[in-house]
Amino acid sequence: MDRSFFDRKVNEVAPELIGVELLVNGVGGEIVEVEAYSPEEPGSHSFRGRTARNASMFGPPGHAYVYRSYGIHWCLNFVCGPGEVASGILIRALEPASGVDEMRARRGLDDVRLLCAGPGRLCEALGVTGVYDGLPLDEPPFSLRAPSEPHAVVVGPRIGLSKAIDLPWRYGRAGSLFVSRSFNAA
DNA sequence: CAGTGGATGCTCT
DNA sequence: GAGCATCCACTGT
């Protein structure tokens, strides 16, 4: 999957990420949950302009934006466009498929359903840290592959925000048991 | 199950 | 000094 795939608006790209295979150094699985963020909306890190932390978000599409969350976890985003417009997509959950034992070891947990069900869990399972911030998505250690057939997508409000909580910018694979939270009752 | 609170570090006011 | 794009353990049903 070429980095030009991401050179479009977040809410166009985000639903198309559902079902995409994401591997980091060969470990990962199928994306089942994402959230869109864009600079004109106060839920986004880029809403208040460029800073040292969010610099990657202001860079070219098709690159990673990795930041630390609550002092403890890492979270992975894909920078989108069109052009350098400081928008991105948070990868929130995967259905584990490749390197499951390595993910279990990193997470210290057996239950496959909980290995990548949440942005912080996913980064721990895939070994994503701040050193990946700004790296292109179409080169190692990343590997992205589109699904053979598009999947049914469900939509809902984003999770864990105190601002812009009503925007339905969370996308998930319909019926997936590997999402971080159910999409019931918008 | 649902709800609560602590851990923990960095960014921005 | 406040506030997090989170997770886990613990409480009480």
# chains A, B, ... in the order shown; residues from 1 in each chain; ligands from 1
$ closest_atom_pairs --of "chain C" --to "range 161-184 of chain A" --cutoff "12 Å" --atoms "only C-alpha atoms (C1' of nucleotides)" --output "tab-separated table"
residue	atom	partner	partner_atom	distance
C:DG3	C1'	A:Ser162	CA	10.4
C:DC4	C1'	A:Leu161	CA	8.9
C:DA5	C1'	A:Leu161	CA	6.6
C:DT6	C1'	A:Leu161	CA	11.3
C:DC7	C1'	A:Ser180	CA	11.4
$ residues_around --residues "range 1-12 of chain B" --least-positions-apart "6" --cutoff "10 Å" --atoms "only C-alpha atoms (C1' of nucleotides)" --output "PyMOL selection string"
(chain A and resi 48+51-53+67-73) or (chain C and resi 2-4+7-13)
$ write_last_selection --atoms "C-alpha atoms (C1' of nucleotides)" --output "mmCIF file, in the first residue's frame"
data_model
loop_
_atom_site.group_PDB
_atom_site.id
_atom_site.type_symbol
_atom_site.label_atom_id
_atom_site.label_comp_id
_atom_site.auth_asym_id
_atom_site.auth_seq_id
_atom_site.Cartn_x
_atom_site.Cartn_y
_atom_site.Cartn_z
ATOM 1 C CA ARG A 48 -3.952 24.652 18.644
ATOM 2 C CA THR A 51 4.245 22.113 18.607
ATOM 3 C CA ALA A 52 7.246 19.877 19.193
ATOM 4 C CA ARG A 53 5.001 16.947 20.040
ATOM 5 C CA TYR A 67 2.792 10.300 20.851
ATOM 6 C CA ARG A 68 2.786 9.379 24.553
ATOM 7 C CA SER A 69 -0.585 9.172 26.228
ATOM 8 C CA TYR A 70 -1.201 9.713 29.961
ATOM 9 C CA GLY A 71 2.535 9.478 30.578
ATOM 10 C CA ILE A 72 2.465 5.718 30.153
ATOM 11 C CA HIS A 73 1.210 4.518 26.777
ATOM 12 C "C1'" DA C 2 -3.849 21.494 34.997
ATOM 13 C "C1'" DG C 3 -5.116 18.256 31.774
ATOM 14 C "C1'" DC C 4 -4.827 14.613 29.058
ATOM 15 C "C1'" DC C 7 -5.095 1.012 31.104
ATOM 16 C "C1'" DC C 8 -5.585 -1.783 35.111
ATOM 17 C "C1'" DA C 9 -7.078 -3.081 39.662
ATOM 18 C "C1'" DC C 10 -10.351 -2.781 42.804
ATOM 19 C "C1'" DT C 11 -14.906 -2.014 44.672
ATOM 20 C "C1'" DG C 12 -19.885 -3.146 44.990
ATOM 21 C "C1'" DT C 13 -23.758 -5.272 43.050
#
$ atom_distance --atom1 "CA of Ala125 in chain A" --atom2 "CA of Phe78 in chain A"
17.6 Å
$ closest_atom_pairs --of "chain A" --to "chain C" --cutoff "9 Å" --atoms "only C-alpha atoms (C1' of nucleotides)" --output "JSON lines"
{"residue": "A:Glu35", "atom": "CA", "partner": "C:DA5", "partner_atom": "C1'", "distance": 8.6}
{"residue": "A:Tyr37", "atom": "CA", "partner": "C:DA5", "partner_atom": "C1'", "distance": 8.9}
{"residue": "A:Gly43", "atom": "CA", "partner": "C:DA5", "partner_atom": "C1'", "distance": 7.7}
{"residue": "A:Ser44", "atom": "CA", "partner": "C:DA5", "partner_atom": "C1'", "distance": 7.7}
{"residue": "A:His45", "atom": "CA", "partner": "C:DA5", "partner_atom": "C1'", "distance": 8.2}
{"residue": "A:Ser69", "atom": "CA", "partner": "C:DT6", "partner_atom": "C1'", "distance": 6.6}
{"residue": "A:Tyr70", "atom": "CA", "partner": "C:DC4", "partner_atom": "C1'", "distance": 6.2}
{"residue": "A:Ile72", "atom": "CA", "partner": "C:DT6", "partner_atom": "C1'", "distance": 7.9}
{"residue": "A:His73", "atom": "CA", "partner": "C:DT6", "partner_atom": "C1'", "distance": 6.7}
{"residue": "A:Cys75", "atom": "CA", "partner": "C:DA5", "partner_atom": "C1'", "distance": 8.2}
{"residue": "A:Leu90", "atom": "CA", "partner": "C:DA5", "partner_atom": "C1'", "distance": 7.5}
{"residue": "A:Gly118", "atom": "CA", "partner": "C:DT6", "partner_atom": "C1'", "distance": 8.2}
{"residue": "A:Pro119", "atom": "CA", "partner": "C:DT6", "partner_atom": "C1'", "distance": 7.9}
{"residue": "A:Gly120", "atom": "CA", "partner": "C:DT6", "partner_atom": "C1'", "distance": 6.3}
{"residue": "A:Arg121", "atom": "CA", "partner": "C:DC7", "partner_atom": "C1'", "distance": 8.1}
{"residue": "A:Arg158", "atom": "CA", "partner": "C:DA5", "partner_atom": "C1'", "distance": 8.5}
{"residue": "A:Ile159", "atom": "CA", "partner": "C:DA5", "partner_atom": "C1'", "distance": 7.5}
{"residue": "A:Gly160", "atom": "CA", "partner": "C:DA5", "partner_atom": "C1'", "distance": 6.5}
{"residue": "A:Leu161", "atom": "CA", "partner": "C:DA5", "partner_atom": "C1'", "distance": 6.6}
$ select_by_dssp --residues "range 16-176 of chain A" --states "alpha helix (DSSP H)" --output "PyMOL selection string"
chain A and resi 16-17+100-107+119-126
$ write_last_selection --atoms "all heavy atoms" --output "compact mmCIF listing (two decimals), in the first residue's frame"
# COMPACT_ATOMS: atom_id res chain seq x y z
N GLU A 16 -11.79 3.25 4.96
CA GLU A 16 -11.08 2.33 4.07
C GLU A 16 -9.95 1.60 4.78
O GLU A 16 -9.40 0.64 4.25
CB GLU A 16 -10.52 3.08 2.85
CG GLU A 16 -11.61 3.65 1.95
CD GLU A 16 -11.02 4.36 0.74
OE1 GLU A 16 -9.90 4.02 0.32
OE2 GLU A 16 -11.69 5.27 0.20
N LEU A 17 -9.59 2.06 5.98
CA LEU A 17 -8.54 1.37 6.73
C LEU A 17 -9.07 0.12 7.43
O LEU A 17 -8.29 -0.75 7.83
CB LEU A 17 -7.93 2.31 7.78
CG LEU A 17 -6.96 3.37 7.25
CD1 LEU A 17 -6.51 4.28 8.37
CD2 LEU A 17 -5.76 2.72 6.60
N VAL A 100 1.53 -13.65 16.95
CA VAL A 100 0.66 -13.60 18.13
C VAL A 100 1.44 -13.94 19.41
O VAL A 100 1.23 -13.31 20.46
CB VAL A 100 -0.53 -14.56 17.96
CG1 VAL A 100 -1.36 -14.62 19.23
CG2 VAL A 100 -1.39 -14.10 16.78
N ASP A 101 2.36 -14.90 19.32
CA ASP A 101 3.11 -15.26 20.53
C ASP A 101 4.02 -14.12 20.99
O ASP A 101 4.20 -13.91 22.19
CB ASP A 101 3.94 -16.53 20.27
CG ASP A 101 3.07 -17.77 20.23
OD1 ASP A 101 1.96 -17.71 20.80
OD2 ASP A 101 3.49 -18.78 19.63
N GLU A 102 4.58 -13.39 20.01
CA GLU A 102 5.42 -12.24 20.38
C GLU A 102 4.57 -11.17 21.06
O GLU A 102 4.98 -10.53 22.03
CB GLU A 102 6.10 -11.68 19.13
CG GLU A 102 7.18 -10.67 19.46
CD GLU A 102 8.12 -10.42 18.28
OE1 GLU A 102 7.94 -11.08 17.22
OE2 GLU A 102 9.01 -9.57 18.42
N MET A 103 3.35 -10.96 20.53
CA MET A 103 2.45 -9.99 21.15
C MET A 103 2.09 -10.42 22.57
O MET A 103 2.06 -9.61 23.49
CB MET A 103 1.17 -9.85 20.32
CG MET A 103 1.38 -9.13 18.99
SD MET A 103 -0.19 -8.70 18.20
CE MET A 103 -0.23 -9.85 16.87
N ARG A 104 1.84 -11.71 22.76
CA ARG A 104 1.52 -12.22 24.10
C ARG A 104 2.67 -11.95 25.06
O ARG A 104 2.47 -11.55 26.20
CB ARG A 104 1.26 -13.73 24.04
CG ARG A 104 -0.09 -14.11 23.49
CD ARG A 104 -0.38 -15.57 23.85
NE ARG A 104 -1.74 -15.96 23.47
CZ ARG A 104 -2.02 -16.77 22.48
NH1 ARG A 104 -1.05 -17.31 21.74
NH2 ARG A 104 -3.27 -17.07 22.20
N ALA A 105 3.89 -12.18 24.59
CA ALA A 105 5.06 -11.98 25.45
C ALA A 105 5.20 -10.51 25.83
O ALA A 105 5.44 -10.17 26.99
CB ALA A 105 6.31 -12.47 24.73
N ARG A 106 5.03 -9.62 24.85
CA ARG A 106 5.18 -8.19 25.13
C ARG A 106 4.10 -7.69 26.08
O ARG A 106 4.34 -6.81 26.91
CB ARG A 106 5.09 -7.39 23.82
CG ARG A 106 6.33 -7.46 22.95
CD ARG A 106 6.04 -6.84 21.60
NE ARG A 106 7.24 -6.78 20.76
CZ ARG A 106 7.19 -6.70 19.42
NH1 ARG A 106 6.03 -6.67 18.80
NH2 ARG A 106 8.30 -6.63 18.73
N ARG A 107 2.89 -8.23 25.96
CA ARG A 107 1.78 -7.76 26.78
C ARG A 107 1.67 -8.52 28.10
O ARG A 107 0.96 -8.08 29.01
CB ARG A 107 0.47 -7.92 26.00
CG ARG A 107 0.39 -7.08 24.74
CD ARG A 107 -0.33 -5.74 24.96
NE ARG A 107 -1.68 -5.92 25.40
CZ ARG A 107 -2.16 -5.47 26.57
NH1 ARG A 107 -1.37 -4.84 27.40
NH2 ARG A 107 -3.42 -5.64 26.89
N PRO A 119 -5.66 1.70 21.78
CA PRO A 119 -4.47 2.28 21.16
C PRO A 119 -3.18 2.02 21.94
O PRO A 119 -2.14 1.75 21.34
CB PRO A 119 -4.79 3.77 21.11
CG PRO A 119 -5.90 3.99 22.08
CD PRO A 119 -6.67 2.70 22.13
N GLY A 120 -3.24 2.06 23.27
CA GLY A 120 -2.05 1.80 24.07
C GLY A 120 -1.67 0.33 24.05
O GLY A 120 -0.50 -0.02 23.94
N ARG A 121 -2.65 -0.53 24.12
CA ARG A 121 -2.41 -1.97 24.08
C ARG A 121 -1.80 -2.37 22.75
O ARG A 121 -0.86 -3.16 22.69
CB ARG A 121 -3.72 -2.71 24.29
CG ARG A 121 -4.31 -2.56 25.67
CD ARG A 121 -5.77 -2.99 25.68
NE ARG A 121 -6.29 -3.12 27.04
CZ ARG A 121 -7.58 -3.35 27.31
NH1 ARG A 121 -8.45 -3.46 26.31
NH2 ARG A 121 -7.98 -3.46 28.55
N LEU A 122 -2.36 -1.83 21.68
CA LEU A 122 -1.90 -2.14 20.33
C LEU A 122 -0.43 -1.77 20.17
O LEU A 122 0.37 -2.55 19.64
CB LEU A 122 -2.78 -1.35 19.36
CG LEU A 122 -2.63 -1.43 17.86
CD1 LEU A 122 -3.94 -1.02 17.23
CD2 LEU A 122 -1.52 -0.53 17.38
N CYS A 123 -0.03 -0.59 20.64
CA CYS A 123 1.36 -0.17 20.50
C CYS A 123 2.29 -1.05 21.33
O CYS A 123 3.39 -1.37 20.90
CB CYS A 123 1.52 1.30 20.89
SG CYS A 123 0.95 2.43 19.61
N GLU A 124 1.83 -1.45 22.51
CA GLU A 124 2.66 -2.34 23.31
C GLU A 124 2.83 -3.69 22.61
O GLU A 124 3.93 -4.24 22.54
CB GLU A 124 2.04 -2.55 24.70
CG GLU A 124 2.92 -3.40 25.59
CD GLU A 124 2.40 -3.52 27.02
OE1 GLU A 124 1.17 -3.60 27.20
OE2 GLU A 124 3.23 -3.55 27.96
N ALA A 125 1.76 -4.22 22.05
CA ALA A 125 1.80 -5.53 21.39
C ALA A 125 2.69 -5.50 20.15
O ALA A 125 3.38 -6.47 19.84
CB ALA A 125 0.39 -5.97 21.01
N LEU A 126 2.67 -4.37 19.41
CA LEU A 126 3.43 -4.27 18.17
C LEU A 126 4.82 -3.70 18.38
O LEU A 126 5.61 -3.60 17.44
CB LEU A 126 2.67 -3.42 17.14
CG LEU A 126 1.71 -4.16 16.20
CD1 LEU A 126 0.68 -4.97 16.98
CD2 LEU A 126 1.01 -3.18 15.29
$ closest_residue --among "A:Arg50, A:Arg8, A:His63, A:Arg3" --to "Tyr132 in chain A" --atoms "only C-alpha atoms"
A:His63
$ closest_residue --among "A:Gly156, A:Arg145, A:Asp111, A:Gly49" --to "chain B" --atoms "only C-alpha atoms (C1' of nucleotides)"
A:Gly49
$ select_by_dssp --residues "chain A" --states "strand (DSSP E)" --output "VMD selection string"
chain A and resid 21 to 24 27 to 37 64 to 69 73 to 80 87 to 98 142 to 145 153 to 156 170 to 173
$ closest_residue --among "A:Leu135, A:Val10, A:Val24, A:Val128" --to "Ser56 in chain A" --atoms "only C-alpha atoms"
A:Leu135
$ atom_distance --atom1 "CA of Asp133 in chain A" --atom2 "CA of Tyr65 in chain A"
5.1 Å
$ closest_residue --among "A:Glu139, A:Glu33, A:Trp74, A:Pro157" --to "chain B" --atoms "only C-alpha atoms (C1' of nucleotides)"
A:Trp74
